[in-house]
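Asker: To start, I am sharing the structure in question, which I have written as structure tokens.
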Amino acid sequence: MLTTLALLLAMHAATQAPLQQSSSTPASAKTTPAQGTDPSLHDDNPLPTPKNPALPTLWLVADSTVRNGHGNGAQGQWGWGDELATYFDTNKINVVNRAIGGRSSRTYITEGHWQTILDMIHPGDFVLVQFGHNDSGPLDDTSRARGTLPGTGEETREIENPILHRHETVHTYGWYMRQYVQQARAKGATVIVCTLIPRKIWKDDHIVRSGVDSYGGWARTIANEEHAPVVDLNEIIARQYDAMGPAETELMFGDPHTHTSLIGAQLNAMSVVLGLKLLLPDPLAAYLSSSADAVPSTMPAAKP
């Protein structure tokens with residue numbers, strides 16, 4: 001059986017699509033001023049909109065692990081949303097990556113980005129939502145104020161937001177994730193919850209997972225409570241890193257432990273498709289392109 005990296009290389013060789021590793025910086029990025037992986041609070045970036053409004057749209061709602069900076073590979077870092085469209089037939093569906101770096105499940109809503117998408121959603125659309133990497137920060141610091149309360153309950157805390165300059169009731173991570181599911185569903189969209197991609201942190205020869213009492217587990221809990229499909233990216237990708245080992249996994253990253261290189265983003269996009277294929281049924285199956293045929297439809301084996 002091919003290793004994950006060998007499979008990825010074989011797939012791109014078949015389509016004559018060159019792979020770039022973390023040491024490569026695309027020409028488009030070289031002509032663009034360096035963009036940090038955490039854009040300033042009010043930097044919307046030139047976010048895309050559906051190319052063909054007559055088609056259904058797959059909306060990607062997330063942080064910099066899905067769309068890094070301006071999505072041009074600056075600093076050799078890419079998000080998986082930049083590589084996902086190749087697996088879909090864009091004559092049948094729009095793939096619109098509205099992920100924004102630095103956002104948490106809370107600030108994507110409080111800054112108005114989620115409402116912008118809600119205003120564009122039509123019945124029959126789809127939403128992939130992934131948050132968690134930025135939710136553990138402080139609630140009311142003067143640089144980001146993006147944290148959420150841990151868990152999935154109804155706990156709240158009142159703060160004076162020093163960045164938005166207004167009073168705010170802060171909720172749990174799960175509460176915000178529930179808003180995405182319920183509000184998009186009310187607009188007639190199908191919501192698919194993704195657990196956050198794993199960081200490059202090793203322990204006992206395994207990549208550390210986001211467990212039951214963390215964002216991965218809480219995302220799964222909300223999806224189950226809301227009867228929404230869930231793609232467990234955290235586990236799917238972690239199993240592939242485990243099989244690769246530290247040396248090959250190093251190629252997947254464009255920074256010390258969080259943001260992926262181009263080949264890492266390609267691996268993670270493939271993992272999203274694998275996760276979709278594991279759903280019974282896969283709500284997006286009718287929209288997959290021929291490139292998705294080579295993606296496995298079984299969970300990667302767990303390393304002992």
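Residues are referred to by chain and number: the chain letter is A, B, ... according to the order shown in the structure tokens, the number counts from 1 in that chain, and ligands are numbered separately from 1 in the order shown.
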Mind dumping a table of every stretch 67-181 of chain A residue within 9 Å of stretch 290-303 of chain A, with the nearest atom pair and its distance in Å to one decimal, using only C-alpha atoms, sorted by chain and rising number, as CSV?
Answerer:
residue,atom,partner,partner_atom,distance
A:Thr86,CA,A:Ser291,CA,6.8
A:Tyr87,CA,A:Ala292,CA,5.1
A:Phe88,CA,A:Ala292,CA,7.5
A:Asp89,CA,A:Ser290,CA,8.0
Asker: Keeping all heavy atoms for every residue in the selection just given, could you write it to a file as a PDB file, in the first residue's frame?
Answerer:
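What landed in part-v9.pdb:
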ATOM      1  N   THR A  86      -9.873  21.785  -6.463  1.00  0.00           N
ATOM      2  CA  THR A  86      -9.482  20.818  -7.486  1.00  0.00           C
ATOM      3  C   THR A  86     -10.260  19.508  -7.374  1.00  0.00           C
ATOM      4  O   THR A  86     -10.388  18.769  -8.358  1.00  0.00           O
ATOM      5  CB  THR A  86      -7.966  20.523  -7.414  1.00  0.00           C
ATOM      6  OG1 THR A  86      -7.583  19.737  -8.535  1.00  0.00           O
ATOM      7  CG2 THR A  86      -7.609  19.784  -6.132  1.00  0.00           C
ATOM      8  N   TYR A  87     -10.802  19.231  -6.196  1.00  0.00           N
ATOM      9  CA  TYR A  87     -11.546  17.997  -5.986  1.00  0.00           C
ATOM     10  C   TYR A  87     -13.042  18.142  -6.275  1.00  0.00           C
ATOM     11  O   TYR A  87     -13.809  17.199  -6.060  1.00  0.00           O
ATOM     12  CB  TYR A  87     -11.334  17.507  -4.551  1.00  0.00           C
ATOM     13  CG  TYR A  87      -9.905  17.117  -4.277  1.00  0.00           C
ATOM     14  CD1 TYR A  87      -9.091  17.910  -3.470  1.00  0.00           C
ATOM     15  CD2 TYR A  87      -9.352  15.977  -4.844  1.00  0.00           C
ATOM     16  CE1 TYR A  87      -7.766  17.563  -3.235  1.00  0.00           C
ATOM     17  CE2 TYR A  87      -8.035  15.620  -4.618  1.00  0.00           C
ATOM     18  CZ  TYR A  87      -7.248  16.423  -3.812  1.00  0.00           C
ATOM     19  OH  TYR A  87      -5.935  16.075  -3.589  1.00  0.00           O
ATOM     20  N   PHE A  88     -13.446  19.316  -6.736  1.00  0.00           N
ATOM     21  CA  PHE A  88     -14.855  19.553  -7.030  1.00  0.00           C
ATOM     22  C   PHE A  88     -15.024  19.996  -8.474  1.00  0.00           C
ATOM     23  O   PHE A  88     -14.150  20.664  -9.044  1.00  0.00           O
ATOM     24  CB  PHE A  88     -15.432  20.608  -6.079  1.00  0.00           C
ATOM     25  CG  PHE A  88     -15.620  20.091  -4.685  1.00  0.00           C
ATOM     26  CD1 PHE A  88     -14.601  20.187  -3.747  1.00  0.00           C
ATOM     27  CD2 PHE A  88     -16.808  19.483  -4.310  1.00  0.00           C
ATOM     28  CE1 PHE A  88     -14.755  19.676  -2.468  1.00  0.00           C
ATOM     29  CE2 PHE A  88     -16.984  18.981  -3.031  1.00  0.00           C
ATOM     30  CZ  PHE A  88     -15.952  19.079  -2.107  1.00  0.00           C
ATOM     31  N   ASP A  89     -16.157  19.636  -9.062  1.00  0.00           N
ATOM     32  CA  ASP A  89     -16.491  20.039 -10.420  1.00  0.00           C
ATOM     33  C   ASP A  89     -17.080  21.442 -10.343  1.00  0.00           C
ATOM     34  O   ASP A  89     -18.251  21.613  -9.964  1.00  0.00           O
ATOM     35  CB  ASP A  89     -17.494  19.054 -11.020  1.00  0.00           C
ATOM     36  CG  ASP A  89     -17.813  19.355 -12.478  1.00  0.00           C
ATOM     37  OD1 ASP A  89     -17.510  20.480 -12.934  1.00  0.00           O
ATOM     38  OD2 ASP A  89     -18.391  18.483 -13.154  1.00  0.00           O
TER      39      ASP A  89
END
Asker: Find the residues near A:Ala85: any atom within 12 Å, counting only C-alpha atoms, skip ones fewer than 6 places away on the same chain, and give them as a ChimeraX atom specification.
Answerer: /A:57-60,91-97,266,269-270,272-273,287-292
Asker: Taking the DSSP assignment computed from this structure's backbone, write out as a ChimeraX atom specification all residues of stretch 102-273 of chain A that belong to helix (DSSP H, G or I).
Answerer: /A:107-110,113-120,173-186,215-225,233-244,246-250,262-273
Asker: Report the distance between atom CA of A:Val127 and atom CA of A:Ile192 in Å, rounded to one decimal place.
Answerer: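 Atom CA of A:Ile192 lies at a distance of 6.1 Å from atom CA of A:Val127.
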Asker: Mind checking which residues fall within 10 Å of stretch 241-249 of chain A, counting only C-alpha atoms, ignoring those fewer than 5 positions away in the same chain, and posting them as an MDAnalysis selection string?
Answerer: chainID A and resid 3:6 198 200:202 205:208 235:236 264 300:304
Asker: Output all heavy atoms of each residue in that selection to a file, as a compact mmCIF listing (two decimals), in the first residue's frame.
Answerer:
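Result went into result.txt, see below:
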# COMPACT_ATOMS: atom_id res chain seq x y z
N THR A 3 2.24 4.86 0.88
CA THR A 3 2.16 5.77 2.01
C THR A 3 1.37 6.99 1.57
O THR A 3 1.17 7.26 0.38
CB THR A 3 3.56 6.22 2.46
OG1 THR A 3 4.15 7.00 1.42
CG2 THR A 3 4.43 5.03 2.79
N THR A 4 0.90 7.77 2.54
CA THR A 4 0.13 8.97 2.22
C THR A 4 0.93 9.92 1.34
O THR A 4 0.41 10.46 0.36
CB THR A 4 -0.29 9.68 3.52
OG1 THR A 4 -1.08 8.79 4.29
CG2 THR A 4 -1.09 10.93 3.21
N LEU A 5 2.20 10.13 1.66
CA LEU A 5 3.00 11.04 0.88
C LEU A 5 3.21 10.50 -0.52
O LEU A 5 3.11 11.24 -1.51
CB LEU A 5 4.35 11.28 1.56
CG LEU A 5 5.29 12.26 0.85
CD1 LEU A 5 4.62 13.62 0.67
CD2 LEU A 5 6.59 12.41 1.62
N ALA A 6 3.46 9.20 -0.65
CA ALA A 6 3.64 8.61 -1.97
C ALA A 6 2.36 8.71 -2.79
O ALA A 6 2.39 8.97 -3.99
CB ALA A 6 4.06 7.15 -1.83
N PRO A 198 -4.50 19.09 13.12
CA PRO A 198 -3.55 18.96 14.24
C PRO A 198 -2.31 19.83 14.04
O PRO A 198 -1.89 20.10 12.92
CB PRO A 198 -3.17 17.48 14.21
CG PRO A 198 -3.36 17.07 12.79
CD PRO A 198 -4.52 17.88 12.27
N LYS A 200 1.86 20.33 14.64
CA LYS A 200 3.02 19.42 14.58
C LYS A 200 3.65 19.33 15.97
O LYS A 200 4.71 19.88 16.24
CB LYS A 200 4.03 19.92 13.55
CG LYS A 200 5.17 18.96 13.28
CD LYS A 200 6.19 19.56 12.33
CE LYS A 200 6.86 20.78 12.92
NZ LYS A 200 7.78 21.45 11.99
N ILE A 201 2.98 18.60 16.84
CA ILE A 201 3.46 18.38 18.19
C ILE A 201 3.47 16.87 18.43
O ILE A 201 2.42 16.21 18.32
CB ILE A 201 2.56 19.08 19.23
CG1 ILE A 201 2.54 20.60 18.97
CG2 ILE A 201 3.04 18.79 20.65
CD1 ILE A 201 1.56 21.36 19.84
N TRP A 202 4.64 16.33 18.71
CA TRP A 202 4.80 14.90 18.88
C TRP A 202 4.86 14.51 20.36
O TRP A 202 5.42 15.24 21.18
CB TRP A 202 6.08 14.41 18.21
CG TRP A 202 6.07 14.53 16.71
CD1 TRP A 202 6.49 15.61 15.98
CD2 TRP A 202 5.60 13.57 15.78
NE1 TRP A 202 6.32 15.36 14.65
CE2 TRP A 202 5.78 14.11 14.48
CE3 TRP A 202 5.05 12.29 15.91
CZ2 TRP A 202 5.42 13.43 13.33
CZ3 TRP A 202 4.71 11.59 14.75
CH2 TRP A 202 4.89 12.16 13.48
N ASP A 205 5.88 9.29 19.98
CA ASP A 205 5.91 8.86 18.58
C ASP A 205 4.56 9.01 17.88
O ASP A 205 4.31 8.39 16.85
CB ASP A 205 6.39 7.41 18.48
CG ASP A 205 6.99 7.09 17.10
OD1 ASP A 205 7.56 8.02 16.49
OD2 ASP A 205 6.88 5.94 16.66
N HIS A 206 3.68 9.85 18.42
CA HIS A 206 2.39 10.14 17.82
C HIS A 206 2.16 11.65 17.81
O HIS A 206 2.63 12.36 18.71
CB HIS A 206 1.24 9.48 18.59
CG HIS A 206 1.18 7.99 18.45
ND1 HIS A 206 2.03 7.15 19.15
CD2 HIS A 206 0.37 7.18 17.71
CE1 HIS A 206 1.75 5.89 18.85
NE2 HIS A 206 0.75 5.89 17.98
N ILE A 207 1.43 12.13 16.81
CA ILE A 207 0.98 13.51 16.82
C ILE A 207 -0.08 13.67 17.89
O ILE A 207 -0.99 12.84 18.03
CB ILE A 207 0.41 13.90 15.43
CG1 ILE A 207 1.55 14.08 14.42
CG2 ILE A 207 -0.45 15.15 15.51
CD1 ILE A 207 2.37 15.35 14.63
N VAL A 208 0.01 14.74 18.66
CA VAL A 208 -0.95 14.99 19.73
C VAL A 208 -2.31 15.35 19.13
O VAL A 208 -2.42 16.19 18.24
CB VAL A 208 -0.46 16.13 20.65
CG1 VAL A 208 -1.54 16.50 21.67
CG2 VAL A 208 0.83 15.71 21.35
N GLU A 235 -8.20 13.77 13.54
CA GLU A 235 -7.77 12.37 13.61
C GLU A 235 -7.29 11.87 12.25
O GLU A 235 -6.29 11.15 12.17
CB GLU A 235 -8.91 11.49 14.13
CG GLU A 235 -8.56 10.03 14.30
CD GLU A 235 -7.49 9.78 15.35
OE1 GLU A 235 -7.33 10.63 16.27
OE2 GLU A 235 -6.81 8.74 15.28
N ILE A 236 -7.99 12.23 11.18
CA ILE A 236 -7.61 11.76 9.84
C ILE A 236 -6.19 12.19 9.50
O ILE A 236 -5.36 11.40 9.04
CB ILE A 236 -8.60 12.27 8.79
CG1 ILE A 236 -9.98 11.62 8.96
CG2 ILE A 236 -8.07 12.01 7.37
CD1 ILE A 236 -11.07 12.24 8.11
N GLY A 264 1.61 20.37 2.34
CA GLY A 264 0.80 20.09 3.51
C GLY A 264 -0.65 20.48 3.31
O GLY A 264 -1.58 19.77 3.73
N PRO A 300 -7.58 6.20 7.52
CA PRO A 300 -6.21 5.72 7.62
C PRO A 300 -6.03 4.84 8.85
O PRO A 300 -6.68 5.06 9.89
CB PRO A 300 -5.39 7.02 7.75
CG PRO A 300 -6.25 8.08 7.18
CD PRO A 300 -7.67 7.67 7.48
N ALA A 301 -5.18 3.85 8.74
CA ALA A 301 -4.95 2.94 9.87
C ALA A 301 -4.31 3.68 11.02
O ALA A 301 -3.48 4.58 10.83
CB ALA A 301 -4.06 1.78 9.42
N ALA A 302 -4.70 3.32 12.22
CA ALA A 302 -4.12 3.92 13.41
C ALA A 302 -2.78 3.27 13.72
O ALA A 302 -2.63 2.04 13.63
CB ALA A 302 -5.07 3.77 14.59
N LYS A 303 -1.80 4.07 14.08
CA LYS A 303 -0.50 3.55 14.44
C LYS A 303 -0.53 3.05 15.89
O LYS A 303 -1.03 3.74 16.78
CB LYS A 303 0.56 4.64 14.29
CG LYS A 303 1.99 4.20 14.59
CD LYS A 303 2.95 5.35 14.36
CE LYS A 303 4.38 4.94 14.67
NZ LYS A 303 5.32 6.06 14.42
N PRO A 304 -0.02 1.85 16.15
CA PRO A 304 -0.05 1.32 17.52
C PRO A 304 0.70 2.23 18.49
O PRO A 304 1.67 2.89 18.11
CB PRO A 304 0.64 -0.04 17.39
CG PRO A 304 0.54 -0.39 15.94
CD PRO A 304 0.58 0.90 15.19
Asker: Just how far from atom CA of A:Gly151 is atom CA of A:Ala219, in Å to one decimal?
Answerer: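 Value for the atom CA of A:Ala219-atom CA of A:Gly151 distance: 9.4 Å.
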Asker: Using only C-alpha atoms, which residue out of A:Thr195, A:Ser210, A:Gln75, A:Asn224 lies closest to A:Ser271?
Answerer: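 Of A:Thr195, A:Ser210, A:Gln75, A:Asn224, the one nearest A:Ser271 is A:Thr195, counting only C-alpha atoms.
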Asker: Could you build a table of the residues in stretch 191-272 of chain A lying no more than 10 Å from stretch 70-74 of chain A, giving for each the nearest pair of atoms and their separation in Å rounded to one decimal place, using only C-alpha atoms, ordered by chain and ascending residue number, as a Markdown table?
Answerer:
| residue | atom | partner | partner_atom | distance |
| --- | --- | --- | --- | --- |
| A:Gly254 | CA | A:Gly73 | CA | 9.6 |
| A:Thr260 | CA | A:Gly73 | CA | 9.9 |
| A:Ser261 | CA | A:Gly73 | CA | 8.1 |
| A:Leu262 | CA | A:Gly73 | CA | 7.5 |
Asker: Take the residues that were just selected and, keeping N, CA and C atoms, output them as a PDB file, in the first residue's frame.
Answerer:
ATOM      1  N   GLY A 254       4.950  24.945   6.996  1.00  0.00           N
ATOM      2  CA  GLY A 254       5.658  26.151   6.583  1.00  0.00           C
ATOM      3  C   GLY A 254       6.078  27.007   7.757  1.00  0.00           C
ATOM      4  N   THR A 260       0.571  25.133   7.294  1.00  0.00           N
ATOM      5  CA  THR A 260       1.107  24.149   6.359  1.00  0.00           C
ATOM      6  C   THR A 260       1.801  24.799   5.166  1.00  0.00           C
ATOM      7  N   SER A 261       2.736  24.047   4.608  1.00  0.00           N
ATOM      8  CA  SER A 261       3.331  24.367   3.317  1.00  0.00           C
ATOM      9  C   SER A 261       2.313  24.019   2.232  1.00  0.00           C
ATOM     10  N   LEU A 262       2.686  24.221   0.969  1.00  0.00           N
ATOM     11  CA  LEU A 262       1.765  23.882  -0.107  1.00  0.00           C
ATOM     12  C   LEU A 262       1.461  22.387  -0.127  1.00  0.00           C
TER      13      LEU A 262
END
Asker: Among stretch 180-230 of chain A, which ones does DSSP place in strand (DSSP E or B), written as a list of chain:residue names?
Answerer: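 So the strand (DSSP E or B) residues in stretch 180-230 of chain A would be A:Thr190, A:Val191, A:Ile192, A:Val193, A:Cys194, A:Trp202, A:Lys203, A:His206, A:Ile207, A:Val230.
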Asker: Mind checking which residues fall within 8 Å of A:Gln183, counting only C-alpha atoms, ignoring those fewer than 4 positions away in the same chain, and posting them as a VMD selection string?
Answerer: chain A and resid 118 179 187
